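Below you'll find the structure, written out as C-alpha cells, and then a few comments.
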Amino acid sequence: MQLGVCYYPEQWPRAMWADDAQRMAALGITHVRIAEFAWSRMEPRAGQYVWGWLDEAIDTLSARGLKLILGTPTASPPKWLIDAYPDVLPVRADGTRWNFGSRRHYDISSETYREACLRIVTAMAERYGAHASIVAWQTDNELGCHETVPSYSPAARRRFQAWLQRRYETVHGLNEAWGNVFWSMEYPSFDAIGLPNLTPTDANPIHLLDFRRFMSDEVASFHREQIDVLRRLAPHADLLHNFMGFFTTFDHYRFAADNSIDVAAWDSYPIARTESIALPEEQKALYARTAHPDVSAFDHDRYRAIGGGRFWVMEQQAGPVNWAPWNPVPAKGMVRLWAYEAFAHGAELVSYFRWRQCPYAQEQMHSGLNLPNNELSPGGLEVQQAAREIAASEALSGLDAPARAATALVFDYETQWMFEIQRHGKTFDYQTLAFDYYEALRELGLDVDIVSSRADLSQYGLVVVPGIAVIDDALIGQIERSSAQWVFGPRSGSKTADFAIPSNLAPGALQRVLPIQVLEVESLRPTLSPATSIGGTRGVAVHWREHVRANGETRVEAHFDDAWPAVLAHGRVRYVAGWLSHALHRAVLEQAAKDAGIRVHVLAEGLRIRRRGNLTFAFNFGAAQVEAPAPVDATFVLGQPQLGTGDVCAWQT
Ligand code: GAL
C-alpha cells in the first residue's frame with residue numbers, strides 16, 4: 001500500500017522544490033509522477049533540449065528517497081511544432097481542425113507527429129533511462145481524452161485504407177463483407193474508401209465499426225512506438241499508461257497485449273464520474289458527496305485484469321475537481337476511504353492529483369493535497385491520516401495480492417462500439433447495463449473480476465455476461481468446458497463480426513448451449529414498461545425487451561405479464577430477455593449465485609465490502625449509519641463495525 005502524488009516542478013519557483021520534496025516524504029508519500037506536460041520546457045525550440053531544470057527536479061526529489069514516475073510529454077505538443085507542422089492538429093467529425101491553446105491537440109495518425117514523439121521520447125530516455133530513482137515511465141497522458149480520437153484527417157484516411165487492405169485483402173472481399181450492394185455503396189478500390197463522417201444519414205455500421213477498430217489499433221500503436229524505445233533505454237522500469245474511468249474509445253485488452261504495459265494505471269475521480277455518467281438523478285443526489293459506491297470499484301476491478309493482476313491509481317481525486325457539471329467538496333472521510341477502497345481491490349499504489357492547487361490557468365479550480373498557499377488541504381490531511389495508519393499497522397502494510405474472485409463479469413469493448421453505432425433506442429448504453437449488473441453483484445456482497453471473454457474463465461463459479469454482441473466458438477468452448485453458472489443479458493450473440501444478423505438469428509452460436517431464438521426486439525420509451533416477477537420481486541423492463549422463443553428443453557423461469565419469456569434457462573446457462581429494472585437483475589443474479597454455491601449477503605444501502613488477503617474491508621458510502629457484516633469475534637485492524645458516512649473498517653478473516 002504505497003502513496004504517490006503528481007507534481008509539476010515547472011509550474012513552481014525552484015526555491016520551493018526542496019521544501020516540497022521534504023514535505024512529501026514527511027507526509028508518507030513514496031512515489032512522484034512528473035514531466036508529462038513539460039515539452040515546451042524540455043525542448044523550447046526544435047532540436048534544442050534543455051535538461052538542467054529537470055535534472056535538478058529529479059535530483060531534489062530523489063535526494064529525499066522519493067521514487068519517480070516520468071511521463072513522456074506527448075499529450076501537449078509545443079507551439080513551434082504546431083507552427084512547423086499544422087497538419088498535426090486533429091480533425092473533428094465535422095471536418096474542422098482543433099486549435100492550439102490547451103492540450104491533446106494532435107492527430108494520432110499523423111506520421112509527422114509520431115516521428116516528433118519518438119525524437120523527444122528517445123532524447124528523454126537516453127538521458128534518464130538508467131536513473132536509479134526512476135522506477136516507472138508513463139506514456140503520454142490519458143490517450144483519447146477530450147474526444148481527440150478519432151481524428152478524421154487525411155493521414156487517418158490513408159492509414160485506414162491500408163488497415164482495411166490488410167484485413168480484407170481484396171476490395172471485392174470488403175464489398176461482400178460490408179454488404180455494399182446496399183444503397184450502391186460498392187467501392188472500386190481500397191484508395192476510394194473514405195472515412196465514415198459527413199454522410200447525409202447513417203454510414204454503413206460495419207464501416208463505422210471497422211473505423212473504430214482501426215482507431216483503437218492506432219491508439220495502441222502510438223503507445224507501442226514509445227514503449228519500444230523505453231524498453232530498450234529504460235529496461236528496469238515499469239512501463240505504463242494512465243487510463244481513464246468508464247472509457248471505451250479503444251480496446252484496453254488489445255492495448256495491454258504483448259507486454260505493452262507492466263501495470264495498468266488509471267485516473268480515479270469518483271465524484272466527477274458519478275456526476276457525468278448515466279445514473280438516475282436520485283442516485284446522483286444520494287451520492288453527490290461520496291460518489292456512487294461502485295463507480296471506482298468498477299474500474300479498479302476492470303484495470304486489475306487489464307494489468308494482469310497489477311494496477312495503480314495514477315491520479316486520485318483529493319478534493320473538489322473542476323470538470324464535472326457540478327463539483328462539490330467530498331464528504332469528510334471520503335479521501336481516506338477511496339485510498340483504502342483502491343487497496344482493498346488490489347492497487348499497489350494510490351497517487352494523488354495533485355501536490356498543490358495551481359492558482360493560474362485551466363485547473364485553478366481543481367484541488368490538490370495543498371491549497372494554493374501551501375497549507376495541507378482537507379484532503380491532504382486525510383491522506384496524512386491514512387499514511388500514518390498504514391505505517392503503524394503490519395496487517396495493512398503487508399497485504400497479499402488479491403485472490404481470484406469467484407464471480408467474473410465479462411466486459412467487451414467491441415460490444416460497446418457496436419451498440420453505440422446501432423443503439424436502436426436512444427437510452428440503450430451497454431456500459432451502463434454492465435454497470436447495473438456489477439452494482440447488483442456488489443450489493444450481494446460479492447467480489448468481482450471484470451474480464452475479457454478471451455480470458456481463462458474456467459475457474460469461476462459464476463460468469464455474468466451483461467451482453468456481448470458477437471459470440472464466437474471460443475466462448476462456446478469456454479461455456480462447455482466450465483462448470484460455472486452463466487448469465488447472459490440481452491443482445492448477446494445478436495451480431496456477426498461483420499455487423500450482420502446471424503443466419504440462425506440471435507443469440508447466434510449461443511444456441512448450441514441454450515436453445516432459444518430471438519424473433520423480434522424492441523426499444524422501450526419510458527411509457528412502455530412490460531412487467532414481470534422473479535421470485536418475489538416485481539419490476540419492469542426498461543430501455544429494451546426481446547420476444548424470445550424457447551426451443552427444445554429450455555425452461556422459462558419467468559414470464560412478462562404479456563406472456564413473453566423474461567428469463568430462460570437450459571443447464572447452467574440463463575438468458576435475460578430485456579434490460580430489467582435493477583431489483584430484478586439482482587434477483588436473477590442472486591439465484592444464479594446460489595445455484596453456483598456462492599454465498600451472498602444482501603448489504604445495507606451504501607455499504608460495500610471487499611476482501612484482500614486475510615482482510616475484509618467495509619466502506620460506507622450511504623447517508624445512514626450501518627453495521628459492517630463482520631463475525632462477532634472478528635479482530636479489527638482498522639476502524640470498528642459501526643460505520644457512519646465516509647467510514648471504513650477492516651477485520652481479519
Ligand atoms: C485528468 C488529467 C490531469 C488533470 C485531471 C484533472 O484527466 O490526466 O492532467 O487534468 O484530469 O482532474
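As shown in the C-alpha cells, the chain order sets the letters A, B, ...; within each chain, residues go from 1, and ligands are also counted from 1 in the order they appear.
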
(request) Produce as JSON, numbers by chain the set of residues near ligand 1, where near means within 6 Å with only C-alpha atoms and all ligand atoms considered. (result) {"A": [141, 142, 321]}

Those residues with N, CA and C atoms, as a PDB file, in the first residue's frame please?
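Output saved as part39.pdb:
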ATOM      1  N   ASN A 141      -0.528  11.032 -21.892  1.00  0.00           N
ATOM      2  CA  ASN A 141      -1.447  11.219 -20.757  1.00  0.00           C
ATOM      3  C   ASN A 141      -2.864  10.991 -21.253  1.00  0.00           C
ATOM      4  N   GLU A 142      -3.555  10.045 -20.650  1.00  0.00           N
ATOM      5  CA  GLU A 142      -4.966   9.779 -20.948  1.00  0.00           C
ATOM      6  C   GLU A 142      -5.250   9.792 -22.451  1.00  0.00           C
ATOM      7  N   VAL A 321     -13.020  18.759  -7.861  1.00  0.00           N
ATOM      8  CA  VAL A 321     -12.340  18.906  -9.145  1.00  0.00           C
ATOM      9  C   VAL A 321     -13.015  20.042  -9.920  1.00  0.00           C
TER      10      VAL A 321
END

(message) So that I can check the surroundings of Ala177 of chain A, please list as a ChimeraX atom specification every protein, DNA and RNA residue that reaches within 9 Å of it, counting only C-alpha atoms and ignoring chain neighbours fewer than 3 positions away.
(response) /A:168,172-174,180,206,498-499

(request) Using only C-alpha atoms, find the one residue out of A:Ala278, A:Phe435, A:Gln384, A:Glu375 that sits nearest to Asp301 of chain A. (result)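 Going through A:Ala278, A:Phe435, A:Gln384, A:Glu375 one by one, the smallest distance to Asp301 of chain A is for A:Phe435.
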
(request) Rank nothing, just name the residue among A:Arg525, A:Gly445, A:Ala583, A:Pro515 nearest to Ala604 of chain A, using only C-alpha atoms. (result)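 For Ala604 of chain A, the nearest of the candidates is A:Gly445.
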
(request) Just the residues within 9 Å of Gly309 of chain A, please, counting only C-alpha atoms, with nothing from its chain fewer than 5 positions along; format it as a list in words. (result) Val263, Ala264, Tyr303, Arg304, Gly346, Ala401 and Pro402 of chain A

(request) Based on DSSP run over this structure's backbone, return all residues of segment 186-361 of chain A in alpha helix (DSSP H), as a PyMOL selection string. (result) chain A and resi 205-233+252-255+270-276+281-286+295-306+334-344

(message) For a quick check of understanding, using only C-alpha atoms, which of A:Asn322, A:Thr496, A:Gln642, A:Asn374 has the smallest distance to Asp19 of chain A?
(response) A:Asn374

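Checking A:Trp338, A:Leu433, A:Asp595, A:Tyr269 one by one against Phe353 of chain A, counting only C-alpha atoms, you find the shortest gap at A:Tyr269.
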
(message) Using only C-alpha atoms, can you tell me which of A:Ala156, A:Ile193, A:Ala123, A:Leu286 comes closest to Val219 of chain A?
(response) A:Ala156

(request) Could you please determine the separation between atom CA of Ala318 of chain A and atom CA of Ala38 of chain A in Å, to one decimal place? (result)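 One can read the atom CA of Ala318 of chain A to atom CA of Ala38 of chain A distance as 22.9 Å.
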
(request) Find, counting only C-alpha atoms, the residue in A:Met16, A:Leu580, A:Ala237, A:Leu519 that gets nearest to Val542 of chain A. (result)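 Going through A:Met16, A:Leu580, A:Ala237, A:Leu519 one by one, the smallest distance to Val542 of chain A is for A:Leu580.
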
(request) Go through segment 298-510 of chain A and collect every residue that DSSP, computed from the backbone, puts in strand (DSSP E or B); the answer should be as a ChimeraX atom specification. (result) /A:311-317,349-353,356,370,376,407-410,448-451,462-465,485-488

Using only C-alpha atoms, which residues sit within 8 Å of Val637 of chain A once same-chain residues fewer than 2 positions away are excluded, as a CSV table (one decimal) with N, CA and C atoms, in the first residue's frame?
chain,number,residue,atom,x,y,z
A,393,SER,N,0.5,-0.1,11.0
A,393,SER,CA,-0.2,-1.4,11.1
A,393,SER,C,0.5,-2.5,10.2
A,395,ALA,N,-0.6,-5.4,9.6
A,395,ALA,CA,-1.7,-6.1,8.8
A,395,ALA,C,-2.0,-5.3,7.6
A,396,LEU,N,-2.0,-4.0,7.7
A,396,LEU,CA,-2.3,-3.2,6.5
A,396,LEU,C,-1.1,-3.0,5.5
A,635,THR,N,-11.4,-9.8,14.6
A,635,THR,CA,-10.4,-8.9,15.0
A,635,THR,C,-10.2,-7.7,14.0
A,639,GLY,N,-10.5,0.7,12.2
A,639,GLY,CA,-11.9,1.2,12.5
A,639,GLY,C,-12.7,0.2,13.3
A,649,CYS,N,-13.7,0.2,7.7
A,649,CYS,CA,-13.1,-0.6,8.7
A,649,CYS,C,-12.6,-1.9,8.0
A,650,ALA,N,-11.7,-2.6,8.7
A,650,ALA,CA,-11.2,-3.9,8.1
A,650,ALA,C,-11.0,-4.8,9.2
A,651,TRP,N,-11.3,-6.1,9.0
A,651,TRP,CA,-11.1,-7.1,10.0
A,651,TRP,C,-10.4,-8.4,9.4
A,652,GLN,N,-9.8,-9.1,10.3
A,652,GLN,CA,-9.1,-10.3,9.8
A,652,GLN,C,-10.1,-11.5,9.7

(request) Go ahead and compute the interatomic distance for atom CA of Arg167 of chain A and atom CA of Arg213 of chain A, in Å to one decimal. (result)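 Atom-to-atom, atom CA of Arg167 of chain A and atom CA of Arg213 of chain A are spaced 11.0 Å apart.
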
(message) Show me, as a PyMOL selection string, the residues that have an atom within 10 Å of Ile306 of chain A when counting only C-alpha atoms, minus same-chain residues fewer than 4 positions from it.
(response) chain A and resi 252-257+261-265+300-302+310-311+450-452

(message) Set the distance at 8 Å and use only C-alpha atoms: which residues neighbour Tyr413 of chain A once local chain neighbours fewer than 6 positions away are removed? I'd like the list as a ChimeraX atom specification.
(response) /A:248,250-252

Keeping N, CA and C atoms for every residue in the selection just given, could you write it to a file as a tab-separated table (two decimals), in the first residue's frame?
chain	number	residue	atom	x	y	z
A	248	THR	N	-14.15	3.93	-23.15
A	248	THR	CA	-14.22	2.76	-24.05
A	248	THR	C	-13.80	3.06	-25.48
A	250	PHE	N	-10.98	2.93	-26.94
A	250	PHE	CA	-10.13	1.89	-27.53
A	250	PHE	C	-10.25	0.62	-26.69
A	251	ASP	N	-9.83	-0.49	-27.32
A	251	ASP	CA	-9.95	-1.80	-26.66
A	251	ASP	C	-8.75	-1.98	-25.73
A	252	HIS	N	-9.00	-1.85	-24.44
A	252	HIS	CA	-7.89	-1.88	-23.47
A	252	HIS	C	-7.25	-3.26	-23.39

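Near Asp267 of chain A, within 6 Å and counting only C-alpha atoms, sit Met244, Val313, Met314 and Glu315 of chain A; same-chain residues fewer than 2 positions away were not included.
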
Those selected residues, please, written with N, CA and C atoms and delivered as a PDB file, in the first residue's frame.
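result.pdb written:
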ATOM      1  N   MET A 244      -8.384   5.920 -18.269  1.00  0.00           N
ATOM      2  CA  MET A 244      -9.469   6.693 -17.643  1.00  0.00           C
ATOM      3  C   MET A 244     -10.605   5.797 -17.171  1.00  0.00           C
ATOM      4  N   VAL A 313      -3.474   3.404  -9.022  1.00  0.00           N
ATOM      5  CA  VAL A 313      -4.260   4.601  -9.307  1.00  0.00           C
ATOM      6  C   VAL A 313      -3.244   5.719  -9.500  1.00  0.00           C
ATOM      7  N   MET A 314      -3.178   6.213 -10.725  1.00  0.00           N
ATOM      8  CA  MET A 314      -2.142   7.215 -11.037  1.00  0.00           C
ATOM      9  C   MET A 314      -2.571   8.610 -10.600  1.00  0.00           C
ATOM     10  N   GLU A 315      -3.871   8.900 -10.730  1.00  0.00           N
ATOM     11  CA  GLU A 315      -4.393  10.199 -10.289  1.00  0.00           C
ATOM     12  C   GLU A 315      -5.638   9.915  -9.462  1.00  0.00           C
TER      13      GLU A 315
END
